[in-house]
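Participant: The structure's right below; bear with me while I get my questions together.
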Amino acid sequence: MSAPSIVTPDEVVEPRLEEVADGVYAYLQLYGQWGLNNAGFIVGRKRTLAVDTCFTVRRSQAFRDQIEKVSANPVTTLLNTHHHGDHTYGNFLFPQATIIGHELCREETIGTGLGTIALFPGVEFGDIEIDAPFVTFTDRMTVYSDEGRIEAIYVGPAHTTNDVVYYLPEKKLLFSGDLGFAGGTPFAVMGSVSGSLAAYDRLRELDVETVVPGHGPVCGTEVFRDMREYLFWIQSVAADAYASGISPLEAARSVDLGRFAGWHDKERIAGNLHRSMAEQAGLVPGGALDLEAAMSDMVVLNGGQPLHCPA
């Protein structure tokens, strides 16, 4: 196997805009550590369409301000890739927008509420109001920006139960949500390791040249190759650990991350092993898992410190 193509430092830089196609912008919060997600927007003749928001009120307001600097057109449509707070907590700051997401994204956004905040003490989240998608679908739907087609494709369970990618076929461009961590460790504890691998197989069917990942710099489809390599390795480690009767934490401590050691948030291996070992035991993709135990093991691997979120 080739080495992962993207290795990033631990530093945090100021968010920036990158025009990834004519009228299509990626809002990048590098280098994509916990809470530093990417969002984006598409400027039309009369209206703007946004993809995801950010984790805190301050960061979501900064995203909104960047949109307004590019175009005076109102954001009338907001597409959510999945329910996690770093992609949805800023939804309420776009009150004129029709919020679209998977049916399960609506359920999980409402069900989770502000619960994610407890995982990241010290982060100034601001006064967040939960605002879930109110136009939902279960498989595919099409949205347009002027004449430009945007295909919403459900690919979960993968990173979560409700992952959707947004594909712009004329521009060969994909907003992948958290199917893509460019330079970061994948995180499948709330979805499925096997389901993630199946999702990457589906993405191979799309004619894509440019990927706006959920975290990390804009890249090509090599990010999916890297994610697949890591998750195949996780499955192998999980199979050995399950056969040996050791715990996910023991398994995580026993292995050398090797070519994946340069990726940030590497403590996610514990959560990924919880999920993959449960799948070895017969848990269906996306099935209920002891998330508290998985998150606790990640904290242990993080030196006993809370997960580092620079948001």
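We label chains A, B, ... in the order they appear in the structure tokens, count residues from 1 in each chain, and number ligands from 1 in the order shown.
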Pick out the residues sitting within 12 Å of Met227 of chain A, and hand them over as a PDB file with N, CA and C atoms, in the first residue's frame; count only C-alpha atoms, and ignore anything fewer than 4 positions along from it in its own chain.
Facilitator:
ATOM      1  N   ALA A   3       1.784   5.167   0.982  1.00  0.00           N
ATOM      2  CA  ALA A   3       1.611   5.960   2.187  1.00  0.00           C
ATOM      3  C   ALA A   3       0.493   6.975   1.978  1.00  0.00           C
ATOM      4  N   PRO A   4      -0.212   7.347   3.057  1.00  0.00           N
ATOM      5  CA  PRO A   4      -1.224   8.391   2.929  1.00  0.00           C
ATOM      6  C   PRO A   4      -0.625   9.653   2.320  1.00  0.00           C
ATOM      7  N   SER A   5      -1.390  10.296   1.481  1.00  0.00           N
ATOM      8  CA  SER A   5      -0.853  11.395   0.687  1.00  0.00           C
ATOM      9  C   SER A   5      -0.874  12.729   1.407  1.00  0.00           C
ATOM     10  N   ILE A   6      -1.600  12.813   2.518  1.00  0.00           N
ATOM     11  CA  ILE A   6      -1.739  14.087   3.195  1.00  0.00           C
ATOM     12  C   ILE A   6      -1.362  13.912   4.654  1.00  0.00           C
ATOM     13  N   ALA A 158     -22.217   5.194   7.703  1.00  0.00           N
ATOM     14  CA  ALA A 158     -20.773   5.224   7.452  1.00  0.00           C
ATOM     15  C   ALA A 158     -20.110   5.980   8.605  1.00  0.00           C
ATOM     16  N   HIS A 159     -19.877   7.258   8.445  1.00  0.00           N
ATOM     17  CA  HIS A 159     -19.399   8.072   9.556  1.00  0.00           C
ATOM     18  C   HIS A 159     -20.473   8.165  10.644  1.00  0.00           C
ATOM     19  N   ASP A 178     -18.266  14.032   6.220  1.00  0.00           N
ATOM     20  CA  ASP A 178     -17.202  13.358   6.956  1.00  0.00           C
ATOM     21  C   ASP A 178     -16.896  11.949   6.461  1.00  0.00           C
ATOM     22  N   LEU A 179     -17.250  11.672   5.201  1.00  0.00           N
ATOM     23  CA  LEU A 179     -16.634  10.544   4.508  1.00  0.00           C
ATOM     24  C   LEU A 179     -15.189  10.877   4.183  1.00  0.00           C
ATOM     25  N   GLY A 180     -14.833  12.152   4.277  1.00  0.00           N
ATOM     26  CA  GLY A 180     -13.472  12.583   3.975  1.00  0.00           C
ATOM     27  C   GLY A 180     -12.841  13.331   5.138  1.00  0.00           C
ATOM     28  N   PHE A 181     -11.749  12.787   5.670  1.00  0.00           N
ATOM     29  CA  PHE A 181     -10.892  13.482   6.638  1.00  0.00           C
ATOM     30  C   PHE A 181      -9.519  13.579   5.974  1.00  0.00           C
ATOM     31  N   ALA A 182      -9.229  14.696   5.358  1.00  0.00           N
ATOM     32  CA  ALA A 182      -7.956  14.847   4.656  1.00  0.00           C
ATOM     33  C   ALA A 182      -6.868  15.203   5.660  1.00  0.00           C
ATOM     34  N   GLY A 183      -6.040  14.234   5.985  1.00  0.00           N
ATOM     35  CA  GLY A 183      -4.993  14.432   6.976  1.00  0.00           C
ATOM     36  C   GLY A 183      -5.418  14.102   8.385  1.00  0.00           C
ATOM     37  N   GLY A 184      -6.647  13.671   8.569  1.00  0.00           N
ATOM     38  CA  GLY A 184      -7.150  13.317   9.890  1.00  0.00           C
ATOM     39  C   GLY A 184      -7.604  11.877   9.934  1.00  0.00           C
ATOM     40  N   THR A 185      -7.744  11.357  11.138  1.00  0.00           N
ATOM     41  CA  THR A 185      -8.153   9.971  11.338  1.00  0.00           C
ATOM     42  C   THR A 185      -9.654   9.823  11.118  1.00  0.00           C
ATOM     43  N   PRO A 186     -10.093   8.862  10.325  1.00  0.00           N
ATOM     44  CA  PRO A 186     -11.533   8.616  10.170  1.00  0.00           C
ATOM     45  C   PRO A 186     -12.188   8.310  11.512  1.00  0.00           C
ATOM     46  N   PHE A 187     -13.501   8.479  11.573  1.00  0.00           N
ATOM     47  CA  PHE A 187     -14.231   8.305  12.824  1.00  0.00           C
ATOM     48  C   PHE A 187     -15.569   7.659  12.508  1.00  0.00           C
ATOM     49  N   ALA A 188     -15.673   6.360  12.781  1.00  0.00           N
ATOM     50  CA  ALA A 188     -16.867   5.596  12.404  1.00  0.00           C
ATOM     51  C   ALA A 188     -17.637   5.071  13.600  1.00  0.00           C
ATOM     52  N   VAL A 193     -17.926   0.787  10.335  1.00  0.00           N
ATOM     53  CA  VAL A 193     -16.675   0.593   9.595  1.00  0.00           C
ATOM     54  C   VAL A 193     -16.971  -0.108   8.273  1.00  0.00           C
ATOM     55  N   SER A 196     -18.804   2.210   6.009  1.00  0.00           N
ATOM     56  CA  SER A 196     -17.937   3.226   5.405  1.00  0.00           C
ATOM     57  C   SER A 196     -17.251   2.669   4.171  1.00  0.00           C
ATOM     58  N   LEU A 197     -16.752   1.446   4.279  1.00  0.00           N
ATOM     59  CA  LEU A 197     -16.074   0.834   3.134  1.00  0.00           C
ATOM     60  C   LEU A 197     -17.045   0.652   1.969  1.00  0.00           C
ATOM     61  N   ALA A 198     -18.276   0.285   2.265  1.00  0.00           N
ATOM     62  CA  ALA A 198     -19.277   0.171   1.205  1.00  0.00           C
ATOM     63  C   ALA A 198     -19.574   1.534   0.586  1.00  0.00           C
ATOM     64  N   ALA A 199     -19.574   2.571   1.410  1.00  0.00           N
ATOM     65  CA  ALA A 199     -19.821   3.919   0.892  1.00  0.00           C
ATOM     66  C   ALA A 199     -18.719   4.346  -0.072  1.00  0.00           C
ATOM     67  N   TYR A 200     -17.464   4.025   0.264  1.00  0.00           N
ATOM     68  CA  TYR A 200     -16.366   4.391  -0.642  1.00  0.00           C
ATOM     69  C   TYR A 200     -16.486   3.649  -1.969  1.00  0.00           C
ATOM     70  N   ASP A 201     -16.980   2.430  -1.945  1.00  0.00           N
ATOM     71  CA  ASP A 201     -17.226   1.712  -3.193  1.00  0.00           C
ATOM     72  C   ASP A 201     -18.269   2.445  -4.034  1.00  0.00           C
ATOM     73  N   PRO A 213     -13.655  17.871   1.502  1.00  0.00           N
ATOM     74  CA  PRO A 213     -13.903  16.905   2.576  1.00  0.00           C
ATOM     75  C   PRO A 213     -14.568  17.586   3.768  1.00  0.00           C
ATOM     76  N   THR A 221      -9.825  12.466  -5.104  1.00  0.00           N
ATOM     77  CA  THR A 221     -10.405  11.232  -4.586  1.00  0.00           C
ATOM     78  C   THR A 221      -9.390  10.349  -3.870  1.00  0.00           C
ATOM     79  N   GLU A 222      -8.115  10.762  -3.864  1.00  0.00           N
ATOM     80  CA  GLU A 222      -7.132   9.995  -3.090  1.00  0.00           C
ATOM     81  C   GLU A 222      -7.488   9.970  -1.607  1.00  0.00           C
ATOM     82  N   VAL A 223      -8.267  10.947  -1.142  1.00  0.00           N
ATOM     83  CA  VAL A 223      -8.667  10.937   0.263  1.00  0.00           C
ATOM     84  C   VAL A 223      -9.488   9.693   0.583  1.00  0.00           C
ATOM     85  N   LEU A 231      -9.374   2.015   7.250  1.00  0.00           N
ATOM     86  CA  LEU A 231     -10.494   1.243   7.782  1.00  0.00           C
ATOM     87  C   LEU A 231     -10.354  -0.244   7.495  1.00  0.00           C
ATOM     88  N   PHE A 232      -9.727  -0.614   6.370  1.00  0.00           N
ATOM     89  CA  PHE A 232      -9.404  -2.036   6.159  1.00  0.00           C
ATOM     90  C   PHE A 232      -8.433  -2.514   7.236  1.00  0.00           C
ATOM     91  N   TRP A 233      -7.469  -1.656   7.577  1.00  0.00           N
ATOM     92  CA  TRP A 233      -6.525  -2.001   8.644  1.00  0.00           C
ATOM     93  C   TRP A 233      -7.247  -2.141   9.973  1.00  0.00           C
ATOM     94  N   ILE A 234      -8.174  -1.241  10.265  1.00  0.00           N
ATOM     95  CA  ILE A 234      -8.964  -1.330  11.491  1.00  0.00           C
ATOM     96  C   ILE A 234      -9.720  -2.653  11.547  1.00  0.00           C
ATOM     97  N   PHE A 260      -0.165   5.756   9.492  1.00  0.00           N
ATOM     98  CA  PHE A 260      -1.274   6.619   9.879  1.00  0.00           C
ATOM     99  C   PHE A 260      -0.933   7.489  11.094  1.00  0.00           C
ATOM    100  N   TRP A 263      -1.470  11.407  11.166  1.00  0.00           N
ATOM    101  CA  TRP A 263      -2.795  12.007  11.110  1.00  0.00           C
ATOM    102  C   TRP A 263      -3.213  12.500  12.486  1.00  0.00           C
TER     103      TRP A 263
END
Participant: Quick one: pick out all helix (DSSP H, G or I) residues within segment 108-255 of chain A from a backbone DSSP run and write them as a count of residues only.
Facilitator: 54
Participant: For Arg140 of chain A, which residue out of A:Gly113, A:Leu174, A:Ile100, A:Ala62 is the nearest one, using only C-alpha atoms?
Facilitator: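 Closest to Arg140 of chain A, using only C-alpha atoms: A:Ile100.
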Participant: I need the residue nearest Val70 of chain A from this list: A:Leu114, A:Val43, A:Leu173, A:Ala50. Use only C-alpha atoms for the distance.
Facilitator: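 Among A:Leu114, A:Val43, A:Leu173, A:Ala50, it is A:Val43 that comes nearest to Val70 of chain A.
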Participant: Excluding segment 282-289 of chain A and its own-chain neighbours fewer than 4 positions away, which residues fall within 8 Å of it when counting only C-alpha atoms? Please give them as a VMD selection string.
Facilitator: chain A and resid 157 to 158 160 to 161 190 to 195 275 278
Participant: Considering only C-alpha atoms, can you say which of A:Ser71, A:Thr88, A:Thr98, A:Gln66 comes closest to Thr53 of chain A?
Facilitator: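 Once distances to Thr53 of chain A are computed over only C-alpha atoms, the minimum belongs to A:Thr88.
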Participant: Can you list, as a PDB file with C-alpha atoms, in the first residue's frame, every protein, DNA or RNA residue that comes within 8 Å of Gly126 of chain A when you count only C-alpha atoms, leaving out same-chain residues fewer than 2 positions away?
Facilitator:
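Result written to result_35.pdb:
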ATOM      1  CA  THR A  56     -19.869  27.383  17.564  1.00  0.00           C
ATOM      2  CA  VAL A  57     -21.889  30.536  17.196  1.00  0.00           C
ATOM      3  CA  ARG A  58     -18.747  32.563  16.593  1.00  0.00           C
ATOM      4  CA  GLU A 124     -17.129  28.681  23.962  1.00  0.00           C
ATOM      5  CA  ILE A 128     -26.957  27.694  20.156  1.00  0.00           C
TER       6      ILE A 128
END
Participant: For the contact check between segment 105-201 of chain A and segment 79-82 of chain A, emit one row per residue of segment 105-201 of chain A within 8 Å, containing the shortest atom pair and the distance in Å rounded to one decimal, counting only C-alpha atoms, chain then rising number order, as a tab-separated table.
Facilitator:
residue	atom	partner	partner_atom	distance
A:Cys105	CA	A:His82	CA	5.6
A:Pro133	CA	A:Asn80	CA	7.5
A:Thr160	CA	A:His82	CA	7.2
A:Asn162	CA	A:His82	CA	5.6
A:Asp163	CA	A:His82	CA	5.0
A:Val164	CA	A:Thr81	CA	4.8
A:Val165	CA	A:Thr81	CA	6.2
A:Tyr166	CA	A:Thr81	CA	7.7
A:Ser176	CA	A:Thr81	CA	7.6
A:Gly177	CA	A:Thr81	CA	5.3
A:Asp178	CA	A:Thr81	CA	7.8
Participant: Report, in Å to a single decimal, how far apart atom CA of Val135 of chain A and atom CA of Ile150 of chain A are.
Facilitator: 15.5 Å
Participant: Would you mind listing, for every residue of segment 143-220 of chain A within 10 Å of segment 24-27 of chain A, the two atoms forming the shortest contact and the distance between them in Å to one decimal, using only C-alpha atoms, sorted by chain and ascending residue number, as JSON lines?
Facilitator:
{"residue": "A:Leu168", "atom": "CA", "partner": "A:Val24", "partner_atom": "CA", "distance": 9.9}
{"residue": "A:Lys171", "atom": "CA", "partner": "A:Val24", "partner_atom": "CA", "distance": 9.4}
{"residue": "A:Leu173", "atom": "CA", "partner": "A:Val24", "partner_atom": "CA", "distance": 9.5}
{"residue": "A:Phe175", "atom": "CA", "partner": "A:Ala26", "partner_atom": "CA", "distance": 8.9}
{"residue": "A:Val211", "atom": "CA", "partner": "A:Ala26", "partner_atom": "CA", "distance": 9.8}
{"residue": "A:Val212", "atom": "CA", "partner": "A:Ala26", "partner_atom": "CA", "distance": 6.7}
{"residue": "A:Pro213", "atom": "CA", "partner": "A:Ala26", "partner_atom": "CA", "distance": 9.3}
{"residue": "A:Pro217", "atom": "CA", "partner": "A:Ala26", "partner_atom": "CA", "distance": 9.4}
{"residue": "A:Val218", "atom": "CA", "partner": "A:Ala26", "partner_atom": "CA", "distance": 7.9}
Participant: Keeping C-alpha atoms, export the residues of the selection given above as a compact mmCIF listing (two decimals), in the first residue's frame.
Facilitator:
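Contents of the output file again-v7.txt:
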# COMPACT_ATOMS: atom_id res chain seq x y z
CA LEU A 168 -22.15 18.53 -8.65
CA LYS A 171 -18.30 20.45 -12.14
CA LEU A 173 -17.08 18.17 -7.58
CA PHE A 175 -18.96 17.83 -0.90
CA VAL A 211 -13.42 16.81 -3.16
CA VAL A 212 -14.35 19.23 -0.40
CA PRO A 213 -13.90 16.90 2.58
CA PRO A 217 -7.78 20.74 2.77
CA VAL A 218 -9.51 20.45 -0.59
Participant: DSSP says strand (DSSP E or B) for which residues of segment 7-199 of chain A? Put them as an MDAnalysis selection string?
Facilitator: chainID A and resid 16:21 24:28 39:43 48:51 75:79 98:102 135:137 140:145 148:154 164:168 173:181 184
Participant: Export C-alpha atoms of the chosen residues as a JSON list (two decimals), in the first residue's frame?
Facilitator:
[["chain", "number", "residue", "atom", "x", "y", "z"],
["A", 16, "ARG", "CA", -10.23, 30.73, 4.54],
["A", 17, "LEU", "CA", -12.31, 30.64, 1.39],
["A", 18, "GLU", "CA", -11.27, 28.69, -1.67],
["A", 19, "GLU", "CA", -13.21, 28.96, -4.91],
["A", 20, "VAL", "CA", -13.22, 25.34, -6.03],
["A", 21, "ALA", "CA", -15.31, 25.87, -9.18],
["A", 24, "VAL", "CA", -18.63, 27.31, -5.71],
["A", 25, "TYR", "CA", -16.72, 28.01, -2.52],
["A", 26, "ALA", "CA", -15.20, 25.85, 0.19],
["A", 27, "TYR", "CA", -14.98, 27.39, 3.66],
["A", 28, "LEU", "CA", -11.96, 25.69, 5.21],
["A", 39, "ALA", "CA", -18.56, 24.10, 4.99],
["A", 40, "GLY", "CA", -19.29, 25.65, 1.61],
["A", 41, "PHE", "CA", -21.67, 27.61, -0.54],
["A", 42, "ILE", "CA", -22.81, 28.02, -4.12],
["A", 43, "VAL", "CA", -23.70, 31.46, -5.47],
["A", 48, "THR", "CA", -27.13, 31.29, -2.41],
["A", 49, "LEU", "CA", -27.07, 27.66, -1.33],
["A", 50, "ALA", "CA", -24.95, 26.64, 1.67],
["A", 51, "VAL", "CA", -23.53, 23.25, 2.64],
["A", 75, "VAL", "CA", -28.96, 31.90, 1.66],
["A", 76, "THR", "CA", -32.27, 30.27, 0.82],
["A", 77, "THR", "CA", -31.17, 26.61, 0.97],
["A", 78, "LEU", "CA", -28.94, 24.88, 3.51],
["A", 79, "LEU", "CA", -27.80, 21.31, 2.92],
["A", 98, "THR", "CA", -34.86, 25.71, 3.77],
["A", 99, "ILE", "CA", -32.76, 23.15, 5.64],
["A", 100, "ILE", "CA", -32.42, 19.84, 3.81],
["A", 101, "GLY", "CA", -30.97, 16.59, 5.11],
["A", 102, "HIS", "CA", -31.59, 12.89, 5.45],
["A", 135, "VAL", "CA", -37.13, 18.93, 4.28],
["A", 136, "THR", "CA", -35.92, 15.34, 4.37],
["A", 137, "PHE", "CA", -35.36, 12.37, 2.09],
["A", 140, "ARG", "CA", -31.63, 10.57, -3.21],
["A", 141, "MET", "CA", -32.94, 13.95, -4.19],
["A", 142, "THR", "CA", -31.92, 16.70, -6.58],
["A", 143, "VAL", "CA", -31.45, 20.37, -5.78],
["A", 144, "TYR", "CA", -30.61, 23.09, -8.29],
["A", 145, "SER", "CA", -28.59, 26.28, -8.12],
["A", 148, "GLY", "CA", -26.57, 23.61, -11.89],
["A", 149, "ARG", "CA", -27.57, 20.18, -10.65],
["A", 150, "ILE", "CA", -26.70, 19.06, -7.12],
["A", 151, "GLU", "CA", -27.36, 15.41, -6.39],
["A", 152, "ALA", "CA", -27.93, 14.55, -2.74],
["A", 153, "ILE", "CA", -26.97, 10.90, -2.24],
["A", 154, "TYR", "CA", -27.43, 8.96, 0.99],
["A", 164, "VAL", "CA", -25.20, 12.38, 2.61],
["A", 165, "VAL", "CA", -22.77, 13.55, -0.06],
["A", 166, "TYR", "CA", -23.61, 16.43, -2.42],
["A", 167, "TYR", "CA", -22.41, 15.85, -5.97],
["A", 168, "LEU", "CA", -22.15, 18.53, -8.65],
["A", 173, "LEU", "CA", -17.08, 18.17, -7.58],
["A", 174, "LEU", "CA", -18.17, 16.50, -4.36],
["A", 175, "PHE", "CA", -18.96, 17.83, -0.90],
["A", 176, "SER", "CA", -18.22, 14.60, 0.94],
["A", 177, "GLY", "CA", -19.09, 15.52, 4.50],
["A", 178, "ASP", "CA", -17.20, 13.36, 6.96],
["A", 179, "LEU", "CA", -16.63, 10.54, 4.51],
["A", 180, "GLY", "CA", -13.47, 12.58, 3.97],
["A", 181, "PHE", "CA", -10.89, 13.48, 6.64],
["A", 184, "GLY", "CA", -7.15, 13.32, 9.89]]
Participant: May I have the residues within 7 Å of Glu267 of chain A as JSON, numbers by chain, using only C-alpha atoms and disregarding those fewer than 5 positions away in the same chain?
Facilitator: {"A": [298, 301, 302]}
Participant: Taking into account only C-alpha atoms, which residue in the set A:Arg228, A:Gly214, A:Ala293, A:Leu273 is nearest to Ala241 of chain A?
Facilitator: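 For Ala241 of chain A, the nearest of the candidates is A:Leu273.
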Participant: Smallest atom-to-atom distance to Gly115 of chain A: which of A:Val208, A:His84, A:Asn91, A:Ile269, using only C-alpha atoms?
Facilitator: A:His84
Participant: Set the distance at 9 Å and use only C-alpha atoms: which residues neighbour Ala294 of chain A once local chain neighbours fewer than 5 positions away are removed? I'd like the list as number ranges by chain.
Facilitator: A: 189, 248-249, 270-275, 289, 299
Participant: A:Ala261, A:Ile67, A:Met277, A:Ala118: which is nearest Ile246 of chain A, counting only C-alpha atoms?
Facilitator: A:Met277
Participant: Quick one: pull the distance between atom CA of Asp86 of chain A and atom CA of Arg59 of chain A, Å, one decimal.
Facilitator: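 Going from atom CA of Asp86 of chain A over to atom CA of Arg59 of chain A covers 9.7 Å.
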Participant: Can you tell me how far atom CA of Asp290 of chain A sits from atom CA of Asp226 of chain A, in Å to one decimal?
Facilitator: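 Separation between atom CA of Asp290 of chain A and atom CA of Asp226 of chain A: 27.1 Å.
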